[in-house]
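Dropping protein_6.cif in here (mmCIF, C-alpha atoms and all ligand atoms):
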```cif
data_my_file
loop_
_atom_site.label_atom_id
_atom_site.label_comp_id
_atom_site.auth_asym_id
_atom_site.auth_seq_id
_atom_site.Cartn_x
_atom_site.Cartn_y
_atom_site.Cartn_z
CA MET A 212 83.12 95.70 157.79
CA SER A 213 84.24 98.80 159.61
CA PRO A 214 82.81 99.58 163.05
CA THR A 215 82.00 103.02 161.77
CA ASP A 216 79.61 101.69 159.10
CA GLY A 217 76.15 103.04 159.76
CA GLN A 218 77.17 103.85 163.32
CA GLY A 219 78.88 107.18 162.97
CA ASN A 220 81.93 106.54 165.05
CA ALA A 221 81.54 103.24 166.95
CA VAL A 222 84.30 102.17 169.32
CA LEU A 223 82.82 98.75 169.96
CA ARG A 224 80.86 96.41 167.75
CA VAL A 225 79.89 92.97 168.97
CA ARG A 226 78.11 90.50 166.72
CA GLY A 227 76.62 87.11 167.50
CA LEU A 228 78.49 86.45 170.74
CA ASN A 229 77.83 82.94 172.08
CA LYS A 230 79.25 81.36 175.19
CA SER A 231 78.54 78.15 177.09
CA PHE A 232 80.08 76.84 180.28
CA GLY A 233 79.65 73.08 179.82
CA SER A 234 75.94 72.53 179.15
CA ASN A 235 75.02 75.98 180.50
CA THR A 236 74.54 78.36 177.56
CA VAL A 237 75.17 81.81 178.98
CA LEU A 238 75.28 84.09 175.91
CA ARG A 239 72.99 83.48 172.94
CA GLY A 240 73.84 85.70 170.01
CA ILE A 241 74.63 89.02 171.68
CA ASP A 242 74.94 92.12 169.46
CA LEU A 243 76.18 95.35 170.99
CA ASP A 244 77.29 98.69 169.56
CA VAL A 245 78.87 101.45 171.57
CA PRO A 246 79.41 104.73 169.72
CA ARG A 247 82.46 106.79 170.54
CA GLY A 248 82.16 108.78 173.73
CA LYS A 249 78.91 107.07 174.72
CA VAL A 250 77.96 105.14 177.81
CA VAL A 251 75.99 101.90 177.61
CA ALA A 252 74.56 100.42 180.81
CA LEU A 253 73.97 96.67 180.87
CA ILE A 254 71.22 95.72 183.28
CA GLY A 255 69.37 92.51 184.03
CA PRO A 256 68.85 89.80 186.62
CA SER A 257 71.76 88.00 188.21
CA GLY A 258 73.02 85.20 185.96
CA SER A 259 71.77 86.80 182.74
CA GLY A 260 75.30 86.95 181.28
CA LYS A 261 76.30 90.59 181.82
CA THR A 262 79.67 89.88 183.46
CA THR A 263 80.47 87.25 180.86
CA ILE A 264 80.06 89.88 178.13
CA LEU A 265 82.42 92.28 179.90
CA ARG A 266 84.97 89.54 180.53
CA SER A 267 84.79 88.56 176.87
CA LEU A 268 85.53 92.16 175.88
CA ASN A 269 88.61 92.17 178.11
CA GLY A 270 90.03 88.82 177.01
CA LEU A 271 89.19 87.15 180.33
CA GLU A 272 86.71 84.73 178.73
CA THR A 273 86.85 83.23 175.27
CA PRO A 274 83.45 83.18 173.58
CA ASP A 275 82.54 80.14 171.46
CA ALA A 276 81.42 82.25 168.50
CA GLY A 277 80.89 85.82 167.39
CA THR A 278 83.03 88.81 166.57
CA VAL A 279 84.29 91.72 168.63
CA THR A 280 85.58 94.81 166.84
CA VAL A 281 87.24 97.67 168.67
CA GLY A 282 87.46 100.64 166.37
CA ALA A 283 90.37 102.89 165.64
CA ARG A 284 90.16 106.37 166.96
CA GLY A 285 88.43 108.80 164.60
CA THR A 286 90.39 111.62 163.06
CA ALA A 287 87.80 114.24 164.00
CA GLY A 288 88.33 113.84 167.73
CA ASN A 289 86.76 111.16 169.87
CA GLY A 290 83.82 112.91 171.40
CA ALA A 291 85.87 114.01 174.37
CA ASN A 292 86.77 117.58 175.10
CA GLY A 293 90.35 116.38 174.93
CA ALA A 294 91.52 118.70 177.65
CA GLY A 295 93.28 117.64 180.80
CA GLY A 296 94.53 114.26 179.65
CA GLY A 297 91.05 112.69 179.57
CA ALA A 298 89.69 110.42 176.87
CA GLY A 299 91.18 112.79 174.31
CA ALA A 300 94.68 111.75 175.37
CA VAL A 301 94.13 108.08 174.49
CA PRO A 302 96.62 107.04 171.81
CA GLN A 303 95.40 105.83 168.47
CA LEU A 304 95.53 102.10 167.80
CA PRO A 305 94.45 100.36 164.60
CA GLU A 306 91.02 98.76 164.41
CA LEU A 307 90.96 95.21 165.72
CA THR A 308 88.49 92.39 165.01
CA LEU A 309 88.52 89.07 166.82
CA ASP A 310 86.48 86.28 165.24
CA PHE A 311 85.84 83.77 167.98
CA GLY A 312 84.30 81.33 165.50
CA ALA A 313 87.80 80.95 164.06
CA LYS A 314 91.00 80.42 166.01
CA VAL A 315 91.91 83.48 168.07
CA THR A 316 95.61 83.85 168.83
CA PRO A 317 97.12 84.94 172.17
CA ARG A 318 98.51 87.96 170.35
CA GLU A 319 94.97 89.01 169.29
CA VAL A 320 93.70 88.54 172.84
CA ALA A 321 96.58 90.68 174.13
CA ALA A 322 95.69 93.36 171.57
CA LEU A 323 92.05 93.28 172.73
CA ARG A 324 93.18 93.64 176.33
CA ASP A 325 95.31 96.60 175.35
CA ARG A 326 92.23 98.42 174.06
CA SER A 327 89.89 97.85 176.99
CA ALA A 328 90.32 98.19 180.73
CA MET A 329 88.14 96.69 183.41
CA VAL A 330 87.02 98.02 186.77
CA PHE A 331 86.03 95.04 188.92
CA GLN A 332 83.29 94.62 191.48
CA HIS A 333 85.84 93.66 194.17
CA TYR A 334 88.51 96.14 192.98
CA ASN A 335 91.07 93.33 192.41
CA LEU A 336 94.01 95.47 193.53
CA PHE A 337 97.27 93.63 194.21
CA PRO A 338 97.33 93.45 198.04
CA HIS A 339 101.13 93.37 198.37
CA MET A 340 101.66 96.51 196.24
CA SER A 341 101.23 100.16 197.13
CA VAL A 342 98.53 102.23 195.44
CA LEU A 343 101.12 103.74 193.08
CA GLN A 344 102.63 100.35 192.21
CA ASN A 345 99.16 98.97 191.48
CA ILE A 346 98.55 101.78 189.01
CA ILE A 347 101.87 101.75 187.16
CA GLU A 348 102.17 97.96 186.92
CA GLY A 349 100.21 97.71 183.65
CA PRO A 350 101.67 100.80 181.94
CA VAL A 351 105.27 99.88 182.85
CA ARG A 352 105.34 96.08 182.69
CA VAL A 353 102.75 95.34 180.03
CA GLN A 354 102.77 98.49 177.91
CA ARG A 355 106.52 99.12 178.37
CA ARG A 356 106.08 102.83 179.01
CA PRO A 357 108.82 104.78 180.80
CA ARG A 358 108.45 104.48 184.56
CA ALA A 359 108.86 108.19 185.27
CA GLU A 360 106.10 109.03 182.79
CA ALA A 361 103.79 106.36 184.27
CA VAL A 362 104.42 107.66 187.80
CA ALA A 363 103.71 111.27 186.80
CA GLU A 364 100.45 110.24 185.12
CA ALA A 365 99.44 108.03 188.04
CA GLU A 366 100.02 110.88 190.49
CA SER A 367 98.00 113.30 188.42
CA LEU A 368 95.12 110.81 188.15
CA LEU A 369 95.28 110.12 191.89
CA GLU A 370 95.11 113.83 192.59
CA ARG A 371 92.02 114.03 190.43
CA VAL A 372 90.16 111.48 192.54
CA GLY A 373 91.46 113.02 195.80
CA LEU A 374 93.81 110.17 196.70
CA LEU A 375 97.29 111.49 196.00
CA GLU A 376 98.21 111.38 199.68
CA LYS A 377 97.43 107.65 199.66
CA LYS A 378 99.91 106.77 196.91
CA ASP A 379 102.24 104.85 199.24
CA ALA A 380 99.45 103.14 201.18
CA HIS A 381 98.51 99.51 200.64
CA PRO A 382 94.98 98.55 199.61
CA PHE A 383 94.07 97.17 203.07
CA GLU A 384 94.62 100.65 204.50
CA LEU A 385 91.92 102.14 202.27
CA SER A 386 88.14 102.11 202.46
CA GLY A 387 86.23 100.22 199.78
CA GLY A 388 85.32 103.49 198.07
CA GLN A 389 88.97 104.57 198.02
CA GLN A 390 90.06 101.17 196.69
CA GLN A 391 87.51 101.39 193.91
CA ARG A 392 88.70 104.88 192.97
CA VAL A 393 92.21 103.42 192.75
CA GLY A 394 90.71 100.65 190.58
CA ILE A 395 89.30 103.31 188.27
CA VAL A 396 92.62 105.18 188.14
CA ARG A 397 94.40 101.91 187.35
CA ALA A 398 92.05 101.38 184.39
CA LEU A 399 92.49 104.99 183.16
CA ALA A 400 96.28 104.71 183.38
CA LEU A 401 96.16 102.06 180.64
CA LYS A 402 94.71 104.69 178.26
CA PRO A 403 92.11 102.27 176.91
CA GLN A 404 89.73 102.91 174.03
CA LEU A 405 86.98 101.38 176.13
CA LEU A 406 86.31 101.34 179.88
CA LEU A 407 84.40 98.36 181.29
CA PHE A 408 82.78 98.54 184.73
CA ASP A 409 81.48 95.37 186.39
CA GLU A 410 79.04 96.42 189.12
CA PRO A 411 81.58 98.94 190.41
CA THR A 412 79.60 99.90 193.51
CA SER A 413 77.82 96.72 194.53
CA ALA A 414 80.49 95.70 197.08
CA LEU A 415 80.51 99.14 198.75
CA ASP A 416 78.81 100.32 201.91
CA PRO A 417 75.92 102.57 200.86
CA GLU A 418 77.58 105.76 202.15
CA LEU A 419 80.61 105.16 199.90
CA VAL A 420 78.68 104.52 196.68
CA ASP A 421 78.28 108.16 195.66
CA ASP A 422 82.02 108.93 195.81
CA VAL A 423 82.58 106.31 193.15
CA LEU A 424 79.53 107.15 191.03
CA VAL A 425 80.59 110.81 190.91
CA VAL A 426 83.95 109.82 189.41
CA ILE A 427 82.27 107.61 186.79
CA LYS A 428 79.85 110.40 185.87
CA GLU A 429 82.77 112.78 185.35
CA LEU A 430 84.43 110.27 183.05
CA ALA A 431 81.22 110.04 181.03
CA GLU A 432 81.13 113.82 180.73
CA GLU A 433 84.75 113.82 179.57
CA GLY A 434 83.84 111.57 176.68
CA TRP A 435 85.20 108.18 177.72
CA THR A 436 83.49 105.30 175.96
CA MET A 437 82.12 102.97 178.60
CA VAL A 438 80.12 99.81 179.18
CA ILE A 439 78.78 99.64 182.74
CA VAL A 440 77.10 96.65 184.36
CA THR A 441 75.06 98.09 187.21
CA HIS A 442 72.07 97.60 189.46
CA GLU A 443 72.01 101.32 190.22
CA LEU A 444 69.16 102.26 187.92
CA ALA A 445 68.98 105.90 189.01
CA PHE A 446 72.69 106.21 188.18
CA ALA A 447 72.14 104.45 184.85
CA ARG A 448 69.34 106.87 184.00
CA GLN A 449 71.55 109.88 184.74
CA THR A 450 74.74 108.61 183.16
CA ALA A 451 74.03 106.15 180.37
CA ASP A 452 73.13 107.12 176.84
CA GLU A 453 71.72 103.68 176.15
CA VAL A 454 70.42 100.94 178.41
CA VAL A 455 70.52 97.29 177.36
CA PHE A 456 68.32 94.90 179.34
CA MET A 457 69.42 91.26 179.30
CA ASP A 458 67.76 88.12 180.53
CA GLY A 459 68.74 84.51 179.98
CA GLY A 460 71.70 85.31 177.74
CA VAL A 461 69.80 87.44 175.24
CA VAL A 462 69.18 91.16 174.84
CA VAL A 463 65.49 91.60 175.62
CA GLU A 464 65.28 95.35 175.11
CA ARG A 465 67.58 98.26 174.35
CA GLY A 466 67.11 101.97 173.84
CA PRO A 467 67.71 105.42 175.27
CA ALA A 468 68.18 105.21 179.04
CA SER A 469 65.07 107.19 179.89
CA GLN A 470 62.87 105.10 177.59
CA VAL A 471 64.03 101.68 178.80
CA LEU A 472 63.99 102.68 182.47
CA ARG A 473 60.84 104.82 182.53
CA THR A 474 58.65 103.30 179.84
CA PRO A 475 60.00 99.82 179.05
CA ARG A 476 58.19 98.03 176.23
CA GLU A 477 58.87 94.42 177.20
CA GLU A 478 57.13 92.73 180.10
CA ARG A 479 60.36 91.26 181.47
CA THR A 480 61.99 94.70 181.50
CA GLN A 481 58.94 96.21 183.18
CA ALA A 482 59.03 93.61 185.96
CA PHE A 483 62.77 94.07 186.50
CA VAL A 484 62.70 97.86 186.53
CA ARG A 485 59.68 97.95 188.83
CA ARG A 486 61.52 95.80 191.37
CA LEU A 487 64.64 97.97 191.44
CA LEU A 488 63.47 101.56 191.04
P1 LIG B 501 75.52 88.26 185.45
O1 LIG B 501 76.73 89.11 185.34
O2 LIG B 501 74.38 88.75 184.60
O3 LIG B 501 75.09 88.00 186.88
P2 LIG B 501 77.26 86.11 184.63
O4 LIG B 501 77.80 86.48 183.31
O5 LIG B 501 78.14 86.34 185.81
O6 LIG B 501 75.86 86.82 184.84
O7 LIG B 501 76.88 84.58 184.66
C1 LIG B 501 76.00 84.00 183.70
C2 LIG B 501 75.96 82.50 183.94
O8 LIG B 501 77.23 81.93 183.64
C3 LIG B 501 75.64 82.09 185.36
O9 LIG B 501 74.78 80.97 185.29
C4 LIG B 501 76.99 81.69 185.93
O10 LIG B 501 76.84 80.71 186.90
C5 LIG B 501 77.70 81.14 184.70
N1 LIG B 501 79.17 81.31 184.76
C6 LIG B 501 79.82 82.49 184.74
N2 LIG B 501 81.16 82.28 184.78
C7 LIG B 501 81.34 80.93 184.83
C8 LIG B 501 82.50 80.09 184.87
N3 LIG B 501 83.74 80.59 184.86
N4 LIG B 501 82.29 78.75 184.90
C9 LIG B 501 81.04 78.23 184.90
N5 LIG B 501 79.92 78.97 184.85
C10 LIG B 501 80.05 80.31 184.83
#
```
Can you turn what I pasted into structure tokens?
Amino acid sequence: MSPTDGQGNAVLRVRGLNKSFGSNTVLRGIDLDVPRGKVVALIGPSGSGKTTILRSLNGLETPDAGTVTVGARGTAGNGANGAGGGAGAVPQLPELTLDFGAKVTPREVAALRDRSAMVFQHYNLFPHMSVLQNIIEGPVRVQRRPRAEAVAEAESLLERVGLLEKKDAHPFELSGGQQQRVGIVRALALKPQLLLFDEPTSALDPELVDDVLVVIKELAEEGWTMVIVTHELAFARQTADEVVFMDGGVVVERGPASQVLRTPREERTQAFVRRLL
């Protein structure tokens, strides 16, 4: 089945994802669709399985069952305005389906990783490398792109987030908000089909949160396809097209951001949203 079936132009299609850690069943039959150029926010209590979904989409966890399909880029554009090297500049890769119920090869996992890029809660920058080295490491070493090209792109992305003058600094010399903007640039430099954000602002001091949220909002406007795990419900309401509420390893409720966050149908969603908003 193609990820575009009945979905218009889906970039991501997840079906029946299951995952246990020992006797702890963490994901119980997760389905998720992300149309091209759309933003899906994953919300829910701590321990509900949100991070495990993201990690599964980036090849960092291996689910026990289910399929993940990352779609090929559509021929009629990808929902982005295409200008300025944004989502429109992402190269086309063939559609990929991993069936975790069968044996998944390291090559398939590498291909999945090549299509998605993760922005981590704690930035996960390499401490011994400069900002620039952190950004070009993936493009040059993993994707085998020419170094000069990777450097030029990294510099232009750094300029965009106001950090070009920090390119030779090391992560410890930057604030948390600056490190996270480098984390975002590092993900963009991989030219992924899909951007994954795992609570990108929850480790930041409150006064630094907005600097990072502004960058993510701009990416949404540019047409990047994104899945964002977040506790920032006001941000989710402004930025996400769809909100998915999870609890106990299942999707309890999903729908347009304003509906799920303002007028949730399910009691568990209502209780959660009331606590956070
Ligand atoms: P959330 O992101 O919603 O807070 P997680 O996906 O991080 O939830 O975790 C879901 C559950 O899986 C938790 O009970 C957590 O303890 C467990 N878990 C996550 N990663 C591991 C791991 N590597 N080993 C064992 N248990 C894990």
Task: Residues within 12 Å of ligand LIG 501 (chain B), counting only C-alpha atoms and all ligand atoms, as a PyMOL selection string - done: chain A and resi 229-239+253-267+271-274+331-332+408-410+413+439-442+455-462
Task: Top pick for closest residue to Gly387 in chain A, considering A:Ala328, A:Val225, A:Val423, A:Ala363 and counting only C-alpha atoms - done: A:Val423
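With only C-alpha atoms taken into account, the protein and nucleic acid residues at most 7 Å from Val222 in chain A (excluding it and anything under 3 positions from it in its own chain) are Pro214, Val245, Pro246, Arg247, Val281 and Gly282 of chain A.
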- [ ] Might you pull out every residue within 12 Å of Glu478 in chain A, with all atoms listed in the file counted and same-chain residues fewer than 3 positions away left off, and present them as JSON, numbers by chain?
- [x] {"A": [456, 458, 463, 464, 471, 474, 475, 481, 482, 483, 484, 485]}
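The shortest atom-to-atom distance to Gly466 in chain A, with only C-alpha atoms taken into account, belongs to A:Asp244 out of A:Ile395, A:Leu375, A:Asp244, A:Val351.
CA of Ala221 in chain A is found 14.8 Å from CA of Leu268 in chain A.
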TODO: List the neighbours of Asn345 in chain A out to 9 Å using only C-alpha atoms; skip same-chain residues closer than 5 positions along the sequence, and give me the result as a ChimeraX atom specification.
DONE: /A:336-338,340,393-394,397
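Separating CA of Val279 in chain A from CA of Val396 in chain A is a distance of 25.1 Å.
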Open item on the list: Report as number ranges by chain all protein, DNA and RNA residues lying within 10 Å of range 304-316 of chain A, evaluated on all atoms listed in the file, omitting residues in the same chain fewer than 4 positions from it.
Closed with: A: 212-214, 222-229, 273-284, 320-323, 325-326, 403-404
Task: Residue nearest Glu360 in chain A - candidates A:Val372, A:Ala414, A:Val250, A:Ile347, atoms counted: all atoms listed in the file - done: A:Ile347
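Across the structure, CA of Leu488 in chain A and CA of Leu444 in chain A are spaced 6.5 Å apart.
The residue that comes closest to Ser469 in chain A, out of A:Val454, A:Leu406, A:Leu487, A:Met437 and on the basis of only C-alpha atoms, is A:Val454.
When all atoms listed in the file are used to measure the gap to Arg371 in chain A, the shortest distance among A:Val420, A:Ile241, A:Val251, A:Leu430 belongs to A:Leu430.
Between Phe446 in chain A and the candidates A:Ala252, A:Gln303, A:Gly349, A:Ala380, the tightest atom-to-atom separation, counting all atoms listed in the file, involves A:Ala252.
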